[in-house]
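Listing of structure-v7.cif, mmCIF, C-alpha atoms
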```cif
data_run
loop_
_atom_site.label_atom_id
_atom_site.label_comp_id
_atom_site.auth_asym_id
_atom_site.auth_seq_id
_atom_site.Cartn_x
_atom_site.Cartn_y
_atom_site.Cartn_z
CA MET X 208 4.34 43.34 -34.63
CA LYS X 209 0.78 43.38 -33.37
CA ILE X 210 0.85 41.32 -30.17
CA ALA X 211 -2.21 40.31 -28.14
CA VAL X 212 -1.50 39.52 -24.48
CA VAL X 213 -4.25 37.54 -22.76
CA GLY X 214 -3.96 37.82 -18.99
CA ALA X 215 -2.36 41.25 -19.20
CA SER X 216 -3.10 42.11 -15.58
CA GLY X 217 -1.00 39.28 -14.15
CA MET X 218 2.61 39.15 -13.03
CA VAL X 219 3.87 37.80 -16.35
CA GLY X 220 1.35 39.40 -18.69
CA SER X 221 1.90 42.93 -17.39
CA ARG X 222 5.64 42.61 -17.86
CA VAL X 223 5.27 41.16 -21.35
CA VAL X 224 3.16 44.20 -22.27
CA SER X 225 5.87 46.56 -20.97
CA GLU X 226 8.69 44.67 -22.69
CA ALA X 227 6.87 44.50 -26.03
CA VAL X 228 5.97 48.19 -25.99
CA ALA X 229 9.55 49.12 -25.09
CA ARG X 230 10.66 47.33 -28.26
CA GLY X 231 8.23 49.23 -30.46
CA HIS X 232 5.45 46.66 -30.84
CA HIS X 233 1.72 47.42 -30.74
CA VAL X 234 -0.02 45.50 -27.95
CA THR X 235 -3.63 44.55 -27.37
CA ALA X 236 -3.81 43.97 -23.62
CA VAL X 237 -6.71 41.69 -22.71
CA PHE X 238 -8.11 41.97 -19.18
CA ARG X 239 -10.77 39.71 -17.74
CA SER X 240 -11.97 42.20 -15.13
CA ALA X 241 -12.08 45.98 -14.85
CA LEU X 242 -10.08 47.84 -17.45
CA PRO X 243 -7.19 50.04 -16.30
CA GLU X 244 -6.26 53.37 -17.80
CA VAL X 245 -4.43 53.03 -21.11
CA PRO X 246 -0.78 52.76 -20.02
CA HIS X 247 0.82 53.73 -23.36
CA PRO X 248 -0.28 54.99 -26.79
CA SER X 249 0.85 51.68 -28.33
CA VAL X 250 -1.40 49.67 -26.00
CA GLN X 251 -5.05 48.93 -26.76
CA VAL X 252 -6.87 47.81 -23.62
CA VAL X 253 -9.85 45.46 -24.04
CA ARG X 254 -11.93 43.18 -21.87
CA GLY X 255 -12.08 39.50 -22.69
CA ASP X 256 -12.49 36.07 -21.10
CA ALA X 257 -10.23 33.42 -22.63
CA THR X 258 -13.08 30.88 -22.49
CA ASP X 259 -15.45 33.04 -24.58
CA ILE X 260 -14.48 31.78 -28.05
CA ASP X 261 -16.81 34.01 -30.06
CA HIS X 262 -15.79 37.22 -28.32
CA MET X 263 -12.10 36.37 -28.22
CA SER X 264 -12.10 35.54 -31.93
CA GLY X 265 -12.93 39.18 -32.58
CA VAL X 266 -10.47 40.47 -29.98
CA LEU X 267 -7.61 38.44 -31.42
CA ALA X 268 -8.39 39.08 -35.08
CA GLY X 269 -5.54 40.96 -36.72
CA ALA X 270 -2.90 39.97 -34.16
CA ASP X 271 0.37 38.67 -35.59
CA VAL X 272 1.00 36.61 -32.47
CA ILE X 273 -0.74 35.95 -29.16
CA VAL X 274 0.66 35.48 -25.66
CA SER X 275 -1.38 33.43 -23.20
CA ALA X 276 -0.39 34.48 -19.69
CA THR X 277 -3.52 33.34 -17.88
CA ARG X 278 -3.36 31.59 -14.52
CA PRO X 279 -6.22 29.80 -12.75
CA ALA X 280 -7.51 31.11 -9.46
CA PRO X 281 -6.72 28.92 -6.42
CA GLY X 282 -9.17 26.05 -6.43
CA ALA X 283 -9.87 26.38 -10.17
CA GLU X 284 -6.82 24.54 -11.43
CA ASP X 285 -9.02 21.98 -13.17
CA THR X 286 -10.13 24.64 -15.68
CA VAL X 287 -6.75 25.03 -17.42
CA ALA X 288 -7.35 22.51 -20.20
CA ALA X 289 -10.70 24.02 -21.20
CA THR X 290 -9.29 27.54 -21.01
CA ILE X 291 -6.27 26.96 -23.25
CA THR X 292 -8.31 24.86 -25.69
CA ALA X 293 -10.85 27.66 -26.04
CA LEU X 294 -8.10 30.25 -26.54
CA LEU X 295 -6.42 28.15 -29.21
CA ASP X 296 -9.79 27.76 -30.93
CA ALA X 297 -10.30 31.53 -30.84
CA ALA X 298 -6.79 32.12 -32.20
CA ALA X 299 -7.89 30.45 -35.45
CA GLY X 300 -4.38 29.44 -36.48
CA THR X 301 -2.52 32.53 -35.24
CA ARG X 302 0.56 31.53 -33.28
CA VAL X 303 0.07 31.40 -29.50
CA LEU X 304 2.93 31.46 -27.01
CA VAL X 305 1.61 29.82 -23.84
CA VAL X 306 3.36 30.79 -20.61
CA GLY X 307 2.72 27.70 -18.54
CA GLY X 308 4.42 26.04 -15.59
CA ALA X 309 7.48 24.01 -14.71
CA GLY X 310 5.59 20.81 -13.88
CA PRO X 311 5.97 19.07 -17.26
CA LEU X 312 9.72 19.70 -17.51
CA ARG X 313 12.14 16.85 -16.93
CA SER X 314 14.12 16.79 -13.70
CA PRO X 315 17.92 16.33 -13.78
CA SER X 316 17.41 13.38 -11.43
CA GLY X 317 15.00 11.68 -13.85
CA GLY X 318 11.25 11.79 -14.22
CA LEU X 319 9.21 14.96 -14.29
CA VAL X 320 9.68 18.08 -12.19
CA ILE X 321 6.19 17.69 -10.76
CA ASP X 322 7.35 14.48 -9.04
CA ASP X 323 10.61 15.97 -7.71
CA PRO X 324 10.16 17.59 -4.26
CA ALA X 325 13.45 19.43 -4.76
CA PHE X 326 11.55 21.67 -7.17
CA VAL X 327 7.88 21.15 -6.32
CA PRO X 328 7.06 21.06 -2.60
CA PRO X 329 3.68 19.61 -1.63
CA GLU X 330 1.99 23.03 -1.45
CA TRP X 331 2.88 23.71 -5.11
CA ARG X 332 1.82 20.35 -6.49
CA THR X 333 -1.72 21.30 -7.47
CA ILE X 334 -0.69 24.19 -9.71
CA ALA X 335 2.27 22.20 -11.06
CA SER X 336 -0.09 19.38 -11.99
CA ALA X 337 -2.31 21.90 -13.77
CA SER X 338 0.61 22.93 -15.97
CA THR X 339 1.14 19.35 -17.13
CA THR X 340 -2.56 19.15 -17.98
CA GLN X 341 -2.29 22.46 -19.83
CA LEU X 342 0.62 21.24 -21.96
CA ARG X 343 -1.25 18.02 -22.81
CA ALA X 344 -4.22 20.10 -23.95
CA CYS X 345 -1.92 22.10 -26.23
CA GLU X 346 -0.45 18.89 -27.64
CA ALA X 347 -3.95 17.65 -28.44
CA HIS X 348 -4.80 20.83 -30.37
CA ALA X 349 -4.06 21.35 -34.06
CA GLY X 350 -3.37 25.08 -33.62
CA ASP X 351 -0.03 26.86 -33.91
CA TRP X 352 1.37 27.06 -30.37
CA VAL X 353 4.62 27.04 -28.40
CA TYR X 354 4.79 26.30 -24.67
CA LEU X 355 7.18 28.12 -22.34
CA SER X 356 7.85 26.49 -18.98
CA PRO X 357 9.36 28.88 -16.44
CA PRO X 358 11.84 27.52 -13.90
CA ALA X 359 10.71 26.34 -10.47
CA VAL X 360 10.64 29.84 -8.98
CA LEU X 361 9.17 32.75 -10.93
CA GLU X 362 8.69 35.99 -9.04
CA PRO X 363 8.87 39.77 -9.48
CA GLY X 364 12.42 41.06 -9.47
CA THR X 365 15.00 42.89 -11.52
CA ARG X 366 15.32 43.13 -15.27
CA THR X 367 18.92 41.95 -15.66
CA GLY X 368 18.64 41.43 -19.41
CA ALA X 369 20.25 37.99 -19.16
CA TYR X 370 18.82 34.49 -19.17
CA ARG X 371 19.65 30.97 -20.30
CA ARG X 372 17.41 29.07 -22.69
CA GLY X 373 16.88 25.31 -22.57
CA THR X 374 14.51 22.75 -24.03
CA THR X 375 12.46 20.34 -21.88
CA THR X 376 14.75 19.79 -18.87
CA ILE X 377 14.56 22.29 -16.02
CA LEU X 378 17.52 24.67 -15.80
CA THR X 379 19.44 25.13 -12.57
CA ALA X 380 22.22 27.38 -11.34
CA ALA X 381 25.42 26.11 -9.74
CA ASP X 382 23.77 26.12 -6.31
CA GLY X 383 20.92 23.94 -7.58
CA SER X 384 18.34 26.71 -7.59
CA SER X 385 15.95 27.13 -10.52
CA ARG X 386 14.56 30.62 -10.87
CA ILE X 387 14.06 33.73 -13.00
CA SER X 388 12.49 37.13 -12.48
CA ALA X 389 9.21 37.89 -14.22
CA GLU X 390 10.99 40.79 -15.90
CA ASP X 391 13.62 38.54 -17.50
CA LEU X 392 10.99 35.94 -18.42
CA ALA X 393 9.22 38.71 -20.35
CA ILE X 394 12.45 39.30 -22.29
CA ALA X 395 12.52 35.61 -23.23
CA VAL X 396 8.87 35.77 -24.31
CA VAL X 397 9.37 38.73 -26.63
CA ASP X 398 12.64 37.28 -27.94
CA GLU X 399 10.72 34.17 -28.99
CA LEU X 400 8.00 36.28 -30.60
CA GLU X 401 10.55 38.23 -32.60
CA GLN X 402 12.77 35.30 -33.55
CA PRO X 403 10.80 32.06 -33.16
CA ARG X 404 12.72 28.82 -32.98
CA ASN X 405 11.58 25.30 -33.79
CA GLU X 406 10.90 23.98 -30.27
CA LYS X 407 7.29 23.42 -29.29
CA HIS X 408 8.27 23.32 -25.61
CA PHE X 409 11.16 25.21 -24.05
CA THR X 410 12.29 26.69 -20.76
CA VAL X 411 14.45 29.52 -19.48
CA GLY X 412 16.30 30.30 -16.27
CA TYR X 413 19.47 31.66 -14.72
CA GLY X 414 22.86 30.04 -14.35
CA GLY X 415 25.00 27.77 -16.50
CA PRO X 416 26.75 28.78 -19.73
CA ALA X 417 26.70 32.22 -21.31
CA PRO X 418 23.18 33.76 -21.31
CA SER X 419 21.04 33.88 -24.42
CA ARG X 420 20.75 37.64 -24.23
CA ILE X 421 22.53 40.51 -22.49
#
```

With the file now loaded, output its structure as structure tokens.
Amino acid sequence: MKIAVVGASGMVGSRVVSEAVARGHHVTAVFRSALPEVPHPSVQVVRGDATDIDHMSGVLAGADVIVSATRPAPGAEDTVAATITALLDAAAGTRVLVVGGAGPLRSPSGGLVIDDPAFVPPEWRTIASASTTQLRACEAHAGDWVYLSPPAVLEPGTRTGAYRRGTTTILTAADGSSRISAEDLAIAVVDELEQPRNEKHFTVGYGGPAPSRI
């Protein structure tokens, strides 16, 4: 496939690029700032701002699928709705997998994760709230999108090759933790690109029954 990754310099985006290339896909890696050296012959590196609809329309033209792995800078969380709306406009009907946040997932105790301090401590609430706004903006758009909510903790780690897939309720391990490495999240992203399912909103994590992939 031809995959465009917007936000390719970030923790998730960079790992999605690596995972997709390792599986033989051609990747257009979109960077907002300075361009790095081309990391692989199957990677085309371009500059682009997700909010620039005219420019991004050209950048994304020809892609079979798009991954949105953008994240607002601290203090700019109120920009997420405009950013994802502009990117969906630029996608012009091409499918977009949006890597969002855990905030809009349901908590096992009832209500949303954003309102459960077991998963979202006060210092995380602003970015968690932004993810709920981001999902609502997707829901209001007529484009072809799917929203992936990571678990409560997403951080660099090890590529284990295993994860559990859920729908709209946060996934937890036996000890109550909710986490995944960015490397294993990238596996889930590319799995969805290769074999899309019907859910518009899903999540992944560790723990529970047999993993989706080994």

**Separation of CA of Leu342 in chain X from CA of Ile291 in chain X in Å** = 9.0 Å

**Asked** Near Thr340 in chain X, within 8 Å and counting all atoms listed in the file, which residues show up once chain neighbours fewer than 4 positions away are dropped, as a PyMOL selection string?
**Response** chain X and resi 287-288+336+344

**Message:** What's around Gly308 in chain X at 6 Å? Count all atoms listed in the file, leave out sequence neighbours fewer than 6 positions away in its own chain, and write the answer as an NGL selection string.
**Reply:** :X and (338 or 356-357)

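Evaluated against this file, the PyMOL selection byres ((chain X and resi 337) around 10) yields Arg278, Pro279, Ala283, Glu284, Asp285, Thr286, Val287, Ala288, Gly307, Gly308, Gly310, Pro311, Ile321, Arg332, Thr333, Ile334, Ala335, Ser336, Ser338, Thr339, Thr340, Gln341, Leu342 and Arg343 of chain X.
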
Writing out the chosen residues with C-alpha atoms as a compact mmCIF listing (two decimals), in the coordinates of the input:
```
# COMPACT_ATOMS: atom_id res chain seq x y z
CA ARG X 278 -3.36 31.59 -14.52
CA PRO X 279 -6.22 29.80 -12.75
CA ALA X 283 -9.87 26.38 -10.17
CA GLU X 284 -6.82 24.54 -11.43
CA ASP X 285 -9.02 21.98 -13.17
CA THR X 286 -10.13 24.64 -15.68
CA VAL X 287 -6.75 25.03 -17.42
CA ALA X 288 -7.35 22.51 -20.20
CA GLY X 307 2.72 27.70 -18.54
CA GLY X 308 4.42 26.04 -15.59
CA GLY X 310 5.59 20.81 -13.88
CA PRO X 311 5.97 19.07 -17.26
CA ILE X 321 6.19 17.69 -10.76
CA ARG X 332 1.82 20.35 -6.49
CA THR X 333 -1.72 21.30 -7.47
CA ILE X 334 -0.69 24.19 -9.71
CA ALA X 335 2.27 22.20 -11.06
CA SER X 336 -0.09 19.38 -11.99
CA SER X 338 0.61 22.93 -15.97
CA THR X 339 1.14 19.35 -17.13
CA THR X 340 -2.56 19.15 -17.98
CA GLN X 341 -2.29 22.46 -19.83
CA LEU X 342 0.62 21.24 -21.96
CA ARG X 343 -1.25 18.02 -22.81
```

Could you tell me, as a compact mmCIF listing (two decimals) with C-alpha atoms, keeping the file's coordinate frame, exactly which residues end up selected when the PyMOL selection byres ((chain X and resi 230) around 12) is applied to this structure?
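Saved the output as result27.txt:
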```txt
# COMPACT_ATOMS: atom_id res chain seq x y z
CA MET X 208 4.34 43.34 -34.63
CA LYS X 209 0.78 43.38 -33.37
CA ILE X 210 0.85 41.32 -30.17
CA VAL X 223 5.27 41.16 -21.35
CA VAL X 224 3.16 44.20 -22.27
CA SER X 225 5.87 46.56 -20.97
CA GLU X 226 8.69 44.67 -22.69
CA ALA X 227 6.87 44.50 -26.03
CA VAL X 228 5.97 48.19 -25.99
CA ALA X 229 9.55 49.12 -25.09
CA GLY X 231 8.23 49.23 -30.46
CA HIS X 232 5.45 46.66 -30.84
CA HIS X 233 1.72 47.42 -30.74
CA VAL X 234 -0.02 45.50 -27.95
CA SER X 249 0.85 51.68 -28.33
CA ALA X 393 9.22 38.71 -20.35
CA ILE X 394 12.45 39.30 -22.29
CA VAL X 397 9.37 38.73 -26.63
CA ASP X 398 12.64 37.28 -27.94
CA LEU X 400 8.00 36.28 -30.60
CA GLU X 401 10.55 38.23 -32.60
```

Residues picked by the PyMOL selection byres ((chain X and resi 378) around 7) here, as a PDB file with C-alpha atoms, keeping the file's coordinate frame?
```pdb
ATOM      1  CA  PRO X 358      11.840  27.520 -13.900  1.00  0.00           C
ATOM      2  CA  GLY X 373      16.880  25.310 -22.570  1.00  0.00           C
ATOM      3  CA  THR X 376      14.750  19.790 -18.870  1.00  0.00           C
ATOM      4  CA  ILE X 377      14.560  22.290 -16.020  1.00  0.00           C
ATOM      5  CA  THR X 379      19.440  25.130 -12.570  1.00  0.00           C
ATOM      6  CA  SER X 385      15.950  27.130 -10.520  1.00  0.00           C
ATOM      7  CA  VAL X 411      14.450  29.520 -19.480  1.00  0.00           C
ATOM      8  CA  GLY X 412      16.300  30.300 -16.270  1.00  0.00           C
TER       9      GLY X 412
END
```

Quick one: axis-aligned box around all listed atoms of range 291-297 of chain X, 3 Å on every side, centre and edge lengths in Å to one decimal, written as AutoDock Vina command-line options.
```
--center_x -8.6 --center_y 28.2 --center_z -27.1 --size_x 10.6 --size_y 12.7 --size_z 13.7
```

**Message:** I'd like the interatomic distance between CA of Ser388 in chain X and CA of Ser216 in chain X, to a tenth of an Å.
**Reply:** 16.7 Å

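The two atoms in question, CA of Val353 in chain X and CA of Ser384 in chain X, are spaced 24.9 Å apart.
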
**Request:** List the neighbours of Val305 in chain X out to 7 Å using only C-alpha atoms; skip same-chain residues closer than 6 positions along the sequence, and give me the result as a list in words.
**Result:** Val274, Ser275, Ala276, Val353, Tyr354 and Leu355 of chain X

**Message:** Set the distance at 7 Å and use all atoms listed in the file: which residues neighbour range 252-264 of chain X once local chain neighbours fewer than 2 positions away are removed? I'd like the list as a list in words.
**Reply:** Thr235, Ala236, Val237, Phe238, Arg239, Ser240, Leu242, Val245, Val250, Val266, Leu267, Ala268, Thr290, Ala293, Leu294, Asp296, Ala297 and Ala298 of chain X

For C-alpha atoms, I'd like the residues from the last selection saved as a JSON list (two decimals), keeping the file's coordinate frame.
```json
[["chain", "number", "residue", "atom", "x", "y", "z"],
["X", 235, "THR", "CA", -3.63, 44.55, -27.37],
["X", 236, "ALA", "CA", -3.81, 43.97, -23.62],
["X", 237, "VAL", "CA", -6.71, 41.69, -22.71],
["X", 238, "PHE", "CA", -8.11, 41.97, -19.18],
["X", 239, "ARG", "CA", -10.77, 39.71, -17.74],
["X", 240, "SER", "CA", -11.97, 42.20, -15.13],
["X", 242, "LEU", "CA", -10.08, 47.84, -17.45],
["X", 245, "VAL", "CA", -4.43, 53.03, -21.11],
["X", 250, "VAL", "CA", -1.40, 49.67, -26.00],
["X", 266, "VAL", "CA", -10.47, 40.47, -29.98],
["X", 267, "LEU", "CA", -7.61, 38.44, -31.42],
["X", 268, "ALA", "CA", -8.39, 39.08, -35.08],
["X", 290, "THR", "CA", -9.29, 27.54, -21.01],
["X", 293, "ALA", "CA", -10.85, 27.66, -26.04],
["X", 294, "LEU", "CA", -8.10, 30.25, -26.54],
["X", 296, "ASP", "CA", -9.79, 27.76, -30.93],
["X", 297, "ALA", "CA", -10.30, 31.53, -30.84],
["X", 298, "ALA", "CA", -6.79, 32.12, -32.20]]
```

**Request:** Can you work out which one of X:Leu392, X:Ala359, X:Ile387, X:Val213 has the shortest atom-to-atom distance to Pro324 in chain X, counting all atoms listed in the file?
**Result:** X:Ala359

Completion step: range 342-358 of chain X with N, CA, C and O atoms as a PDB file, keeping the file's coordinate frame:
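Below is the file that was written, part.pdb:
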```
ATOM      1  N   LEU X 342      -0.235  21.622 -20.832  1.00  0.00           N
ATOM      2  CA  LEU X 342       0.620  21.240 -21.960  1.00  0.00           C
ATOM      3  C   LEU X 342      -0.021  20.112 -22.765  1.00  0.00           C
ATOM      4  O   LEU X 342       0.000  20.132 -24.002  1.00  0.00           O
ATOM      5  N   ARG X 343      -0.605  19.128 -22.098  1.00  0.00           N
ATOM      6  CA  ARG X 343      -1.250  18.020 -22.810  1.00  0.00           C
ATOM      7  C   ARG X 343      -2.409  18.539 -23.677  1.00  0.00           C
ATOM      8  O   ARG X 343      -2.637  18.050 -24.785  1.00  0.00           O
ATOM      9  N   ALA X 344      -3.127  19.527 -23.172  1.00  0.00           N
ATOM     10  CA  ALA X 344      -4.220  20.100 -23.950  1.00  0.00           C
ATOM     11  C   ALA X 344      -3.688  20.807 -25.202  1.00  0.00           C
ATOM     12  O   ALA X 344      -4.296  20.735 -26.275  1.00  0.00           O
ATOM     13  N   CYS X 345      -2.548  21.474 -25.064  1.00  0.00           N
ATOM     14  CA  CYS X 345      -1.920  22.100 -26.230  1.00  0.00           C
ATOM     15  C   CYS X 345      -1.522  21.023 -27.245  1.00  0.00           C
ATOM     16  O   CYS X 345      -1.769  21.172 -28.455  1.00  0.00           O
ATOM     17  N   GLU X 346      -0.916  19.954 -26.755  1.00  0.00           N
ATOM     18  CA  GLU X 346      -0.450  18.890 -27.640  1.00  0.00           C
ATOM     19  C   GLU X 346      -1.600  18.230 -28.391  1.00  0.00           C
ATOM     20  O   GLU X 346      -1.411  17.702 -29.498  1.00  0.00           O
ATOM     21  N   ALA X 347      -2.787  18.264 -27.800  1.00  0.00           N
ATOM     22  CA  ALA X 347      -3.950  17.650 -28.440  1.00  0.00           C
ATOM     23  C   ALA X 347      -4.632  18.587 -29.430  1.00  0.00           C
ATOM     24  O   ALA X 347      -5.570  18.183 -30.123  1.00  0.00           O
ATOM     25  N   HIS X 348      -4.160  19.828 -29.510  1.00  0.00           N
ATOM     26  CA  HIS X 348      -4.800  20.830 -30.370  1.00  0.00           C
ATOM     27  C   HIS X 348      -4.006  21.014 -31.659  1.00  0.00           C
ATOM     28  O   HIS X 348      -2.780  20.990 -31.663  1.00  0.00           O
ATOM     29  N   ALA X 349      -4.715  21.224 -32.749  1.00  0.00           N
ATOM     30  CA  ALA X 349      -4.060  21.350 -34.060  1.00  0.00           C
ATOM     31  C   ALA X 349      -3.570  22.763 -34.340  1.00  0.00           C
ATOM     32  O   ALA X 349      -2.976  23.019 -35.390  1.00  0.00           O
ATOM     33  N   GLY X 350      -3.773  23.698 -33.399  1.00  0.00           N
ATOM     34  CA  GLY X 350      -3.370  25.080 -33.620  1.00  0.00           C
ATOM     35  C   GLY X 350      -1.862  25.267 -33.602  1.00  0.00           C
ATOM     36  O   GLY X 350      -1.086  24.341 -33.336  1.00  0.00           O
ATOM     37  N   ASP X 351      -1.439  26.497 -33.887  1.00  0.00           N
ATOM     38  CA  ASP X 351      -0.030  26.860 -33.910  1.00  0.00           C
ATOM     39  C   ASP X 351       0.345  27.421 -32.539  1.00  0.00           C
ATOM     40  O   ASP X 351      -0.025  28.544 -32.195  1.00  0.00           O
ATOM     41  N   TRP X 352       1.042  26.648 -31.722  1.00  0.00           N
ATOM     42  CA  TRP X 352       1.370  27.060 -30.370  1.00  0.00           C
ATOM     43  C   TRP X 352       2.801  26.701 -30.020  1.00  0.00           C
ATOM     44  O   TRP X 352       3.412  25.818 -30.635  1.00  0.00           O
ATOM     45  N   VAL X 353       3.342  27.380 -29.011  1.00  0.00           N
ATOM     46  CA  VAL X 353       4.620  27.040 -28.400  1.00  0.00           C
ATOM     47  C   VAL X 353       4.449  27.228 -26.902  1.00  0.00           C
ATOM     48  O   VAL X 353       3.777  28.166 -26.450  1.00  0.00           O
ATOM     49  N   TYR X 354       5.014  26.313 -26.115  1.00  0.00           N
ATOM     50  CA  TYR X 354       4.790  26.300 -24.670  1.00  0.00           C
ATOM     51  C   TYR X 354       6.083  26.652 -23.941  1.00  0.00           C
ATOM     52  O   TYR X 354       7.110  25.985 -24.130  1.00  0.00           O
ATOM     53  N   LEU X 355       6.032  27.698 -23.132  1.00  0.00           N
ATOM     54  CA  LEU X 355       7.180  28.120 -22.340  1.00  0.00           C
ATOM     55  C   LEU X 355       6.981  27.733 -20.886  1.00  0.00           C
ATOM     56  O   LEU X 355       6.042  28.191 -20.231  1.00  0.00           O
ATOM     57  N   SER X 356       7.863  26.865 -20.396  1.00  0.00           N
ATOM     58  CA  SER X 356       7.850  26.490 -18.980  1.00  0.00           C
ATOM     59  C   SER X 356       8.854  27.348 -18.228  1.00  0.00           C
ATOM     60  O   SER X 356      10.059  27.281 -18.520  1.00  0.00           O
ATOM     61  N   PRO X 357       8.416  28.158 -17.285  1.00  0.00           N
ATOM     62  CA  PRO X 357       9.360  28.880 -16.440  1.00  0.00           C
ATOM     63  C   PRO X 357      10.130  27.906 -15.559  1.00  0.00           C
ATOM     64  O   PRO X 357       9.778  26.724 -15.476  1.00  0.00           O
ATOM     65  N   PRO X 358      11.169  28.376 -14.875  1.00  0.00           N
ATOM     66  CA  PRO X 358      11.840  27.520 -13.900  1.00  0.00           C
ATOM     67  C   PRO X 358      10.970  27.318 -12.666  1.00  0.00           C
ATOM     68  O   PRO X 358       9.812  27.770 -12.633  1.00  0.00           O
TER      69      PRO X 358
END
```
